[in-house]
>>> print(open('data-v8.cif').read())   # mmCIF, N, CA and C atoms
data_target
loop_
_atom_site.label_atom_id
_atom_site.label_comp_id
_atom_site.auth_asym_id
_atom_site.auth_seq_id
_atom_site.Cartn_x
_atom_site.Cartn_y
_atom_site.Cartn_z
N GLY A 90 0.79 -1.20 0.00
CA GLY A 90 0.00 0.00 0.00
C GLY A 90 0.84 1.27 0.00
N TRP A 91 1.91 1.28 0.81
CA TRP A 91 2.72 2.50 0.92
C TRP A 91 3.34 2.88 -0.42
N PHE A 92 3.77 1.91 -1.20
CA PHE A 92 4.32 2.19 -2.52
C PHE A 92 3.31 2.99 -3.34
N TYR A 93 2.06 2.55 -3.33
CA TYR A 93 1.03 3.24 -4.11
C TYR A 93 0.72 4.62 -3.55
N VAL A 94 0.77 4.78 -2.24
CA VAL A 94 0.55 6.10 -1.64
C VAL A 94 1.62 7.06 -2.15
N ASN A 95 2.88 6.61 -2.12
CA ASN A 95 3.98 7.46 -2.59
C ASN A 95 3.89 7.77 -4.07
N GLN A 96 3.29 6.88 -4.83
CA GLN A 96 3.12 7.09 -6.27
C GLN A 96 1.84 7.85 -6.60
N LYS A 97 1.12 8.29 -5.54
CA LYS A 97 -0.15 9.01 -5.68
C LYS A 97 -1.18 8.19 -6.45
N GLN A 98 -1.14 6.89 -6.22
CA GLN A 98 -2.11 5.97 -6.81
C GLN A 98 -3.07 5.51 -5.70
N THR A 99 -3.86 6.47 -5.25
CA THR A 99 -4.71 6.24 -4.08
C THR A 99 -5.63 5.03 -4.23
N PRO A 100 -6.33 4.85 -5.36
CA PRO A 100 -7.22 3.68 -5.44
C PRO A 100 -6.48 2.36 -5.23
N LYS A 101 -5.29 2.22 -5.79
CA LYS A 101 -4.52 1.00 -5.61
C LYS A 101 -4.04 0.86 -4.16
N ALA A 102 -3.65 1.98 -3.57
CA ALA A 102 -3.21 1.95 -2.17
C ALA A 102 -4.35 1.50 -1.27
N LEU A 103 -5.54 2.07 -1.49
CA LEU A 103 -6.69 1.72 -0.66
C LEU A 103 -7.08 0.26 -0.84
N GLU A 104 -7.02 -0.21 -2.06
CA GLU A 104 -7.33 -1.63 -2.34
C GLU A 104 -6.34 -2.53 -1.59
N SER A 105 -5.08 -2.18 -1.66
CA SER A 105 -4.05 -2.95 -0.98
C SER A 105 -4.27 -2.96 0.53
N TYR A 106 -4.57 -1.80 1.09
CA TYR A 106 -4.78 -1.71 2.54
C TYR A 106 -6.07 -2.41 2.97
N GLN A 107 -7.10 -2.39 2.12
CA GLN A 107 -8.32 -3.12 2.47
C GLN A 107 -8.05 -4.62 2.53
N LYS A 108 -7.24 -5.12 1.60
CA LYS A 108 -6.85 -6.53 1.64
C LYS A 108 -6.04 -6.81 2.90
N ALA A 109 -5.15 -5.89 3.25
CA ALA A 109 -4.34 -6.04 4.46
C ALA A 109 -5.22 -6.03 5.70
N LEU A 110 -6.27 -5.21 5.70
CA LEU A 110 -7.17 -5.15 6.85
C LEU A 110 -7.90 -6.48 7.03
N THR A 111 -8.32 -7.08 5.93
CA THR A 111 -8.97 -8.39 6.01
C THR A 111 -8.02 -9.41 6.63
N LEU A 112 -6.77 -9.39 6.20
CA LEU A 112 -5.77 -10.31 6.75
C LEU A 112 -5.48 -9.98 8.22
N ALA A 113 -5.36 -8.69 8.53
CA ALA A 113 -5.05 -8.27 9.91
C ALA A 113 -6.11 -8.75 10.90
N LYS A 114 -7.35 -8.82 10.43
CA LYS A 114 -8.44 -9.28 11.31
C LYS A 114 -8.27 -10.73 11.72
N THR A 115 -7.41 -11.46 11.02
CA THR A 115 -7.15 -12.85 11.40
C THR A 115 -5.93 -12.95 12.31
N ILE A 116 -5.28 -11.81 12.57
CA ILE A 116 -4.04 -11.82 13.37
C ILE A 116 -4.31 -11.32 14.78
N ASP A 117 -4.38 -9.99 14.95
CA ASP A 117 -4.66 -9.43 16.27
C ASP A 117 -5.02 -7.95 16.15
N ASP A 118 -5.40 -7.37 17.30
CA ASP A 118 -5.84 -5.97 17.30
C ASP A 118 -4.73 -5.00 16.91
N ALA A 119 -3.49 -5.30 17.27
CA ALA A 119 -2.39 -4.42 16.90
C ALA A 119 -2.25 -4.34 15.38
N ALA A 120 -2.38 -5.47 14.72
CA ALA A 120 -2.30 -5.49 13.25
C ALA A 120 -3.46 -4.73 12.63
N ILE A 121 -4.64 -4.90 13.20
CA ILE A 121 -5.82 -4.18 12.70
C ILE A 121 -5.61 -2.68 12.83
N ALA A 122 -5.19 -2.24 14.01
CA ALA A 122 -4.99 -0.81 14.24
C ALA A 122 -3.93 -0.23 13.32
N ASP A 123 -2.87 -0.99 13.08
CA ASP A 123 -1.82 -0.51 12.19
C ASP A 123 -2.37 -0.27 10.78
N VAL A 124 -3.16 -1.20 10.28
CA VAL A 124 -3.73 -1.03 8.94
C VAL A 124 -4.76 0.11 8.93
N GLN A 125 -5.54 0.23 9.99
CA GLN A 125 -6.49 1.36 10.06
C GLN A 125 -5.74 2.69 9.98
N ASN A 126 -4.63 2.79 10.69
CA ASN A 126 -3.83 4.02 10.63
C ASN A 126 -3.28 4.24 9.23
N ARG A 127 -2.82 3.19 8.60
CA ARG A 127 -2.28 3.32 7.23
C ARG A 127 -3.36 3.72 6.24
N LEU A 128 -4.58 3.21 6.43
CA LEU A 128 -5.69 3.66 5.59
C LEU A 128 -5.93 5.15 5.82
N GLY A 129 -5.86 5.58 7.07
CA GLY A 129 -5.99 7.00 7.35
C GLY A 129 -4.94 7.83 6.64
N VAL A 130 -3.71 7.34 6.66
CA VAL A 130 -2.62 8.05 5.98
C VAL A 130 -2.88 8.13 4.47
N ALA A 131 -3.35 7.05 3.89
CA ALA A 131 -3.62 7.04 2.44
C ALA A 131 -4.69 8.09 2.10
N TYR A 132 -5.75 8.12 2.88
CA TYR A 132 -6.79 9.14 2.63
C TYR A 132 -6.27 10.54 2.92
N HIS A 133 -5.43 10.66 3.92
CA HIS A 133 -4.83 11.95 4.29
C HIS A 133 -4.02 12.49 3.11
N TRP A 134 -3.15 11.66 2.57
CA TRP A 134 -2.32 12.09 1.44
C TRP A 134 -3.16 12.42 0.21
N ALA A 135 -4.33 11.78 0.11
CA ALA A 135 -5.23 12.06 -1.01
C ALA A 135 -6.12 13.27 -0.72
N GLU A 136 -5.87 13.93 0.42
CA GLU A 136 -6.61 15.10 0.86
C GLU A 136 -8.09 14.80 1.07
N GLN A 137 -8.40 13.56 1.42
CA GLN A 137 -9.76 13.17 1.77
C GLN A 137 -9.81 13.12 3.30
N TYR A 138 -9.77 14.31 3.90
CA TYR A 138 -9.57 14.44 5.33
C TYR A 138 -10.66 13.81 6.20
N PRO A 139 -11.94 13.96 5.85
CA PRO A 139 -12.95 13.30 6.70
C PRO A 139 -12.77 11.78 6.76
N LYS A 140 -12.45 11.19 5.63
CA LYS A 140 -12.23 9.74 5.60
C LYS A 140 -10.96 9.38 6.38
N ALA A 141 -9.94 10.21 6.27
CA ALA A 141 -8.71 9.99 7.04
C ALA A 141 -9.02 10.00 8.53
N MET A 142 -9.80 10.99 8.97
CA MET A 142 -10.15 11.08 10.38
C MET A 142 -10.92 9.85 10.84
N GLU A 143 -11.80 9.36 9.99
CA GLU A 143 -12.58 8.17 10.32
C GLU A 143 -11.65 6.99 10.65
N PHE A 144 -10.65 6.78 9.81
CA PHE A 144 -9.74 5.66 10.04
C PHE A 144 -8.78 5.93 11.19
N TYR A 145 -8.35 7.17 11.37
CA TYR A 145 -7.50 7.48 12.52
C TYR A 145 -8.27 7.22 13.82
N GLN A 146 -9.54 7.61 13.86
CA GLN A 146 -10.34 7.37 15.07
C GLN A 146 -10.52 5.88 15.31
N GLN A 147 -10.73 5.12 14.24
CA GLN A 147 -10.84 3.66 14.37
C GLN A 147 -9.54 3.08 14.92
N ALA A 148 -8.42 3.58 14.39
CA ALA A 148 -7.12 3.08 14.85
C ALA A 148 -6.92 3.36 16.34
N LEU A 149 -7.27 4.57 16.78
CA LEU A 149 -7.14 4.90 18.20
C LEU A 149 -7.99 3.97 19.06
N ALA A 150 -9.22 3.76 18.64
CA ALA A 150 -10.11 2.89 19.41
C ALA A 150 -9.55 1.47 19.49
N THR A 151 -9.00 0.99 18.39
CA THR A 151 -8.45 -0.36 18.38
C THR A 151 -7.17 -0.43 19.19
N TYR A 152 -6.29 0.57 19.06
CA TYR A 152 -5.05 0.58 19.83
C TYR A 152 -5.32 0.60 21.34
N ARG A 153 -6.43 1.19 21.75
CA ARG A 153 -6.76 1.24 23.18
C ARG A 153 -6.93 -0.16 23.77
N THR A 154 -7.16 -1.15 22.93
CA THR A 154 -7.32 -2.53 23.41
C THR A 154 -5.99 -3.28 23.43
N VAL A 155 -4.92 -2.62 22.97
CA VAL A 155 -3.61 -3.27 22.85
C VAL A 155 -2.70 -2.78 23.97
N ASN A 156 -2.05 -3.69 24.67
CA ASN A 156 -1.08 -3.32 25.71
C ASN A 156 0.13 -2.65 25.08
N ASP A 157 0.67 -1.65 25.75
CA ASP A 157 1.90 -0.96 25.34
C ASP A 157 1.79 -0.34 23.95
N ALA A 158 0.67 0.26 23.65
CA ALA A 158 0.48 0.87 22.33
C ALA A 158 0.63 2.38 22.36
N GLN A 159 1.16 2.93 23.45
CA GLN A 159 1.23 4.38 23.58
C GLN A 159 2.06 5.05 22.48
N THR A 160 3.14 4.43 22.07
CA THR A 160 4.00 5.04 21.05
C THR A 160 3.26 5.16 19.73
N VAL A 161 2.61 4.11 19.31
CA VAL A 161 1.90 4.18 18.03
C VAL A 161 0.65 5.05 18.14
N MET A 162 0.04 5.07 19.31
CA MET A 162 -1.10 5.97 19.50
C MET A 162 -0.67 7.42 19.37
N ALA A 163 0.52 7.73 19.83
CA ALA A 163 1.03 9.10 19.69
C ALA A 163 1.15 9.48 18.22
N GLN A 164 1.57 8.56 17.39
CA GLN A 164 1.67 8.85 15.95
C GLN A 164 0.29 9.11 15.36
N VAL A 165 -0.69 8.33 15.77
CA VAL A 165 -2.05 8.55 15.27
C VAL A 165 -2.54 9.94 15.70
N TRP A 166 -2.27 10.33 16.95
CA TRP A 166 -2.66 11.67 17.40
C TRP A 166 -1.97 12.75 16.58
N LEU A 167 -0.72 12.54 16.22
CA LEU A 167 -0.02 13.50 15.35
C LEU A 167 -0.70 13.59 13.99
N ASN A 168 -1.11 12.44 13.46
CA ASN A 168 -1.82 12.43 12.17
C ASN A 168 -3.14 13.20 12.27
N ILE A 169 -3.86 12.99 13.36
CA ILE A 169 -5.12 13.70 13.57
C ILE A 169 -4.87 15.21 13.67
N GLY A 170 -3.84 15.57 14.39
CA GLY A 170 -3.49 16.99 14.49
C GLY A 170 -3.18 17.61 13.15
N ASP A 171 -2.49 16.86 12.30
CA ASP A 171 -2.17 17.37 10.98
C ASP A 171 -3.43 17.56 10.13
N VAL A 172 -4.39 16.66 10.25
CA VAL A 172 -5.64 16.83 9.51
C VAL A 172 -6.33 18.11 9.98
N HIS A 173 -6.39 18.33 11.28
CA HIS A 173 -7.00 19.57 11.78
C HIS A 173 -6.26 20.79 11.24
N TRP A 174 -4.95 20.71 11.19
CA TRP A 174 -4.16 21.82 10.65
C TRP A 174 -4.48 22.04 9.18
N GLN A 175 -4.55 20.94 8.40
CA GLN A 175 -4.86 21.06 6.97
C GLN A 175 -6.25 21.68 6.75
N LEU A 176 -7.16 21.34 7.65
CA LEU A 176 -8.53 21.88 7.54
C LEU A 176 -8.66 23.25 8.20
N LYS A 177 -7.55 23.73 8.77
CA LYS A 177 -7.51 25.03 9.44
C LYS A 177 -8.52 25.10 10.59
N GLU A 178 -8.61 24.00 11.33
CA GLU A 178 -9.54 23.94 12.48
C GLU A 178 -8.82 24.29 13.75
#
>>> encode(input="data-v8.cif", output="structure tokens")
Amino acid sequence: GWFYVNQKQTPKALESYQKALTLAKTIDDAAIADVQNRLGVAYHWAEQYPKAMEFYQQALATYRTVNDAQTVMAQVWLNIGDVHWQLKE
């Protein structure tokens, strides 16, 4: 997915991350939250900020169920802050 995000091929990135999310659901909550955050980043880079926020919020909720997830949760909060900045909120 990240390759496609960097190439500004958002539809392919989202497709890749959706497949990853399906797989992550068979692993654990940490994997799910990681993919949710990556989906947020893909939408963020595509300037689809409401959708990015949706996935960032999902990632935060999922990370809250994971032990020792404070570091990655901090990154999600930074991503959310950047969306607010982009939206001039």
>>> residues_around(input="data-v8.cif", residues="Tyr145 (chain A)", least_positions_apart="4", cutoff="8 Å", atoms="all atoms listed in the file", output="PyMOL selection string")
chain A and resi 125-130+139-141+149-151+165-166+168-169
>>> residues_around(input="data-v8.cif", residues="region 109-119 of chain A", least_positions_apart="5", cutoff="7 Å", atoms="all atoms listed in the file", output="list in words")
Glu104, Val124, Gln125, Thr151, Tyr152, Thr154 and Val155 of chain A
>>> atom_distance(input="data-v8.cif", atom1="CA of Arg153 (chain A)", atom2="CA of Ile121 (chain A)")
11.8 Å
>>> residues_around(input="data-v8.cif", residues="Glu136 (chain A)", least_positions_apart="3", cutoff="12 Å", atoms="only C-alpha atoms", output="NGL selection string")
:A and (94 or 97 or 99 or 129-133 or 139-142 or 171-173 or 175-176)
>>> atom_distance(input="data-v8.cif", atom1="atom N of Lys101 (chain A)", atom2="atom N of Val161 (chain A)")
26.4 Å
>>> axis_aligned_box(input="data-v8.cif", around="region 102-113 of chain A", padding_each_side="3 Å", output="AutoDock Vina command-line options")
--center_x -6.1 --center_y -4.1 --center_z 3.7 --size_x 11.8 --size_y 18.4 --size_z 20.5
>>> atom_distance(input="data-v8.cif", atom1="CA of Lys108 (chain A)", atom2="atom C of Gln164 (chain A)")
22.0 Å
>>> resolve_selection(input="data-v8.cif", expression="the PyMOL selection byres ((chain A and resi 90) around 6)", output="list in words")
Trp91, Phe92, Tyr93, Val94, Lys101, Ala102, Ser105 and Tyr106 of chain A
>>> select_by_dssp(input="data-v8.cif", residues="chain A", states="alpha helix (DSSP H)", output="JSON, numbers by chain")
{"A": [91, 92, 93, 94, 95, 99, 100, 101, 102, 103, 104, 105, 106, 107, 108, 109, 110, 111, 112, 113, 118, 119, 120, 121, 122, 123, 124, 125, 126, 127, 128, 129, 130, 131, 132, 133, 134, 138, 139, 140, 141, 142, 143, 144, 145, 146, 147, 148, 149, 150, 151, 152, 159, 160, 161, 162, 163, 164, 165, 166, 167, 168, 169, 170, 171, 172, 173, 174, 175]}
>>> decode(input="data-v8.cif", residues="region 102-125 of chain A", atoms="N, CA and C atoms", output="tab-separated table (two decimals), in the first residue's frame")
chain	number	residue	atom	x	y	z
A	102	ALA	N	-3.65	1.98	-3.57
A	102	ALA	CA	-3.21	1.95	-2.17
A	102	ALA	C	-4.35	1.50	-1.27
A	103	LEU	N	-5.54	2.07	-1.49
A	103	LEU	CA	-6.69	1.72	-0.66
A	103	LEU	C	-7.08	0.26	-0.84
A	104	GLU	N	-7.02	-0.21	-2.06
A	104	GLU	CA	-7.33	-1.63	-2.34
A	104	GLU	C	-6.34	-2.53	-1.59
A	105	SER	N	-5.08	-2.18	-1.66
A	105	SER	CA	-4.05	-2.95	-0.98
A	105	SER	C	-4.27	-2.96	0.53
A	106	TYR	N	-4.57	-1.80	1.09
A	106	TYR	CA	-4.78	-1.71	2.54
A	106	TYR	C	-6.07	-2.41	2.97
A	107	GLN	N	-7.10	-2.39	2.12
A	107	GLN	CA	-8.32	-3.12	2.47
A	107	GLN	C	-8.05	-4.62	2.53
A	108	LYS	N	-7.24	-5.12	1.60
A	108	LYS	CA	-6.85	-6.53	1.64
A	108	LYS	C	-6.04	-6.81	2.90
A	109	ALA	N	-5.15	-5.89	3.25
A	109	ALA	CA	-4.34	-6.04	4.46
A	109	ALA	C	-5.22	-6.03	5.70
A	110	LEU	N	-6.27	-5.21	5.70
A	110	LEU	CA	-7.17	-5.15	6.85
A	110	LEU	C	-7.90	-6.48	7.03
A	111	THR	N	-8.32	-7.08	5.93
A	111	THR	CA	-8.97	-8.39	6.01
A	111	THR	C	-8.02	-9.41	6.63
A	112	LEU	N	-6.77	-9.39	6.20
A	112	LEU	CA	-5.77	-10.31	6.75
A	112	LEU	C	-5.48	-9.98	8.22
A	113	ALA	N	-5.36	-8.69	8.53
A	113	ALA	CA	-5.05	-8.27	9.91
A	113	ALA	C	-6.11	-8.75	10.90
A	114	LYS	N	-7.35	-8.82	10.43
A	114	LYS	CA	-8.44	-9.28	11.31
A	114	LYS	C	-8.27	-10.73	11.72
A	115	THR	N	-7.41	-11.46	11.02
A	115	THR	CA	-7.15	-12.85	11.40
A	115	THR	C	-5.93	-12.95	12.31
A	116	ILE	N	-5.28	-11.81	12.57
A	116	ILE	CA	-4.04	-11.82	13.37
A	116	ILE	C	-4.31	-11.32	14.78
A	117	ASP	N	-4.38	-9.99	14.95
A	117	ASP	CA	-4.66	-9.43	16.27
A	117	ASP	C	-5.02	-7.95	16.15
A	118	ASP	N	-5.40	-7.37	17.30
A	118	ASP	CA	-5.84	-5.97	17.30
A	118	ASP	C	-4.73	-5.00	16.91
A	119	ALA	N	-3.49	-5.30	17.27
A	119	ALA	CA	-2.39	-4.42	16.90
A	119	ALA	C	-2.25	-4.34	15.38
A	120	ALA	N	-2.38	-5.47	14.72
A	120	ALA	CA	-2.30	-5.49	13.25
A	120	ALA	C	-3.46	-4.73	12.63
A	121	ILE	N	-4.64	-4.90	13.20
A	121	ILE	CA	-5.82	-4.18	12.70
A	121	ILE	C	-5.61	-2.68	12.83
A	122	ALA	N	-5.19	-2.24	14.01
A	122	ALA	CA	-4.99	-0.81	14.24
A	122	ALA	C	-3.93	-0.23	13.32
A	123	ASP	N	-2.87	-0.99	13.08
A	123	ASP	CA	-1.82	-0.51	12.19
A	123	ASP	C	-2.37	-0.27	10.78
A	124	VAL	N	-3.16	-1.20	10.28
A	124	VAL	CA	-3.73	-1.03	8.94
A	124	VAL	C	-4.76	0.11	8.93
A	125	GLN	N	-5.54	0.23	9.99
A	125	GLN	CA	-6.49	1.36	10.06
A	125	GLN	C	-5.74	2.69	9.98
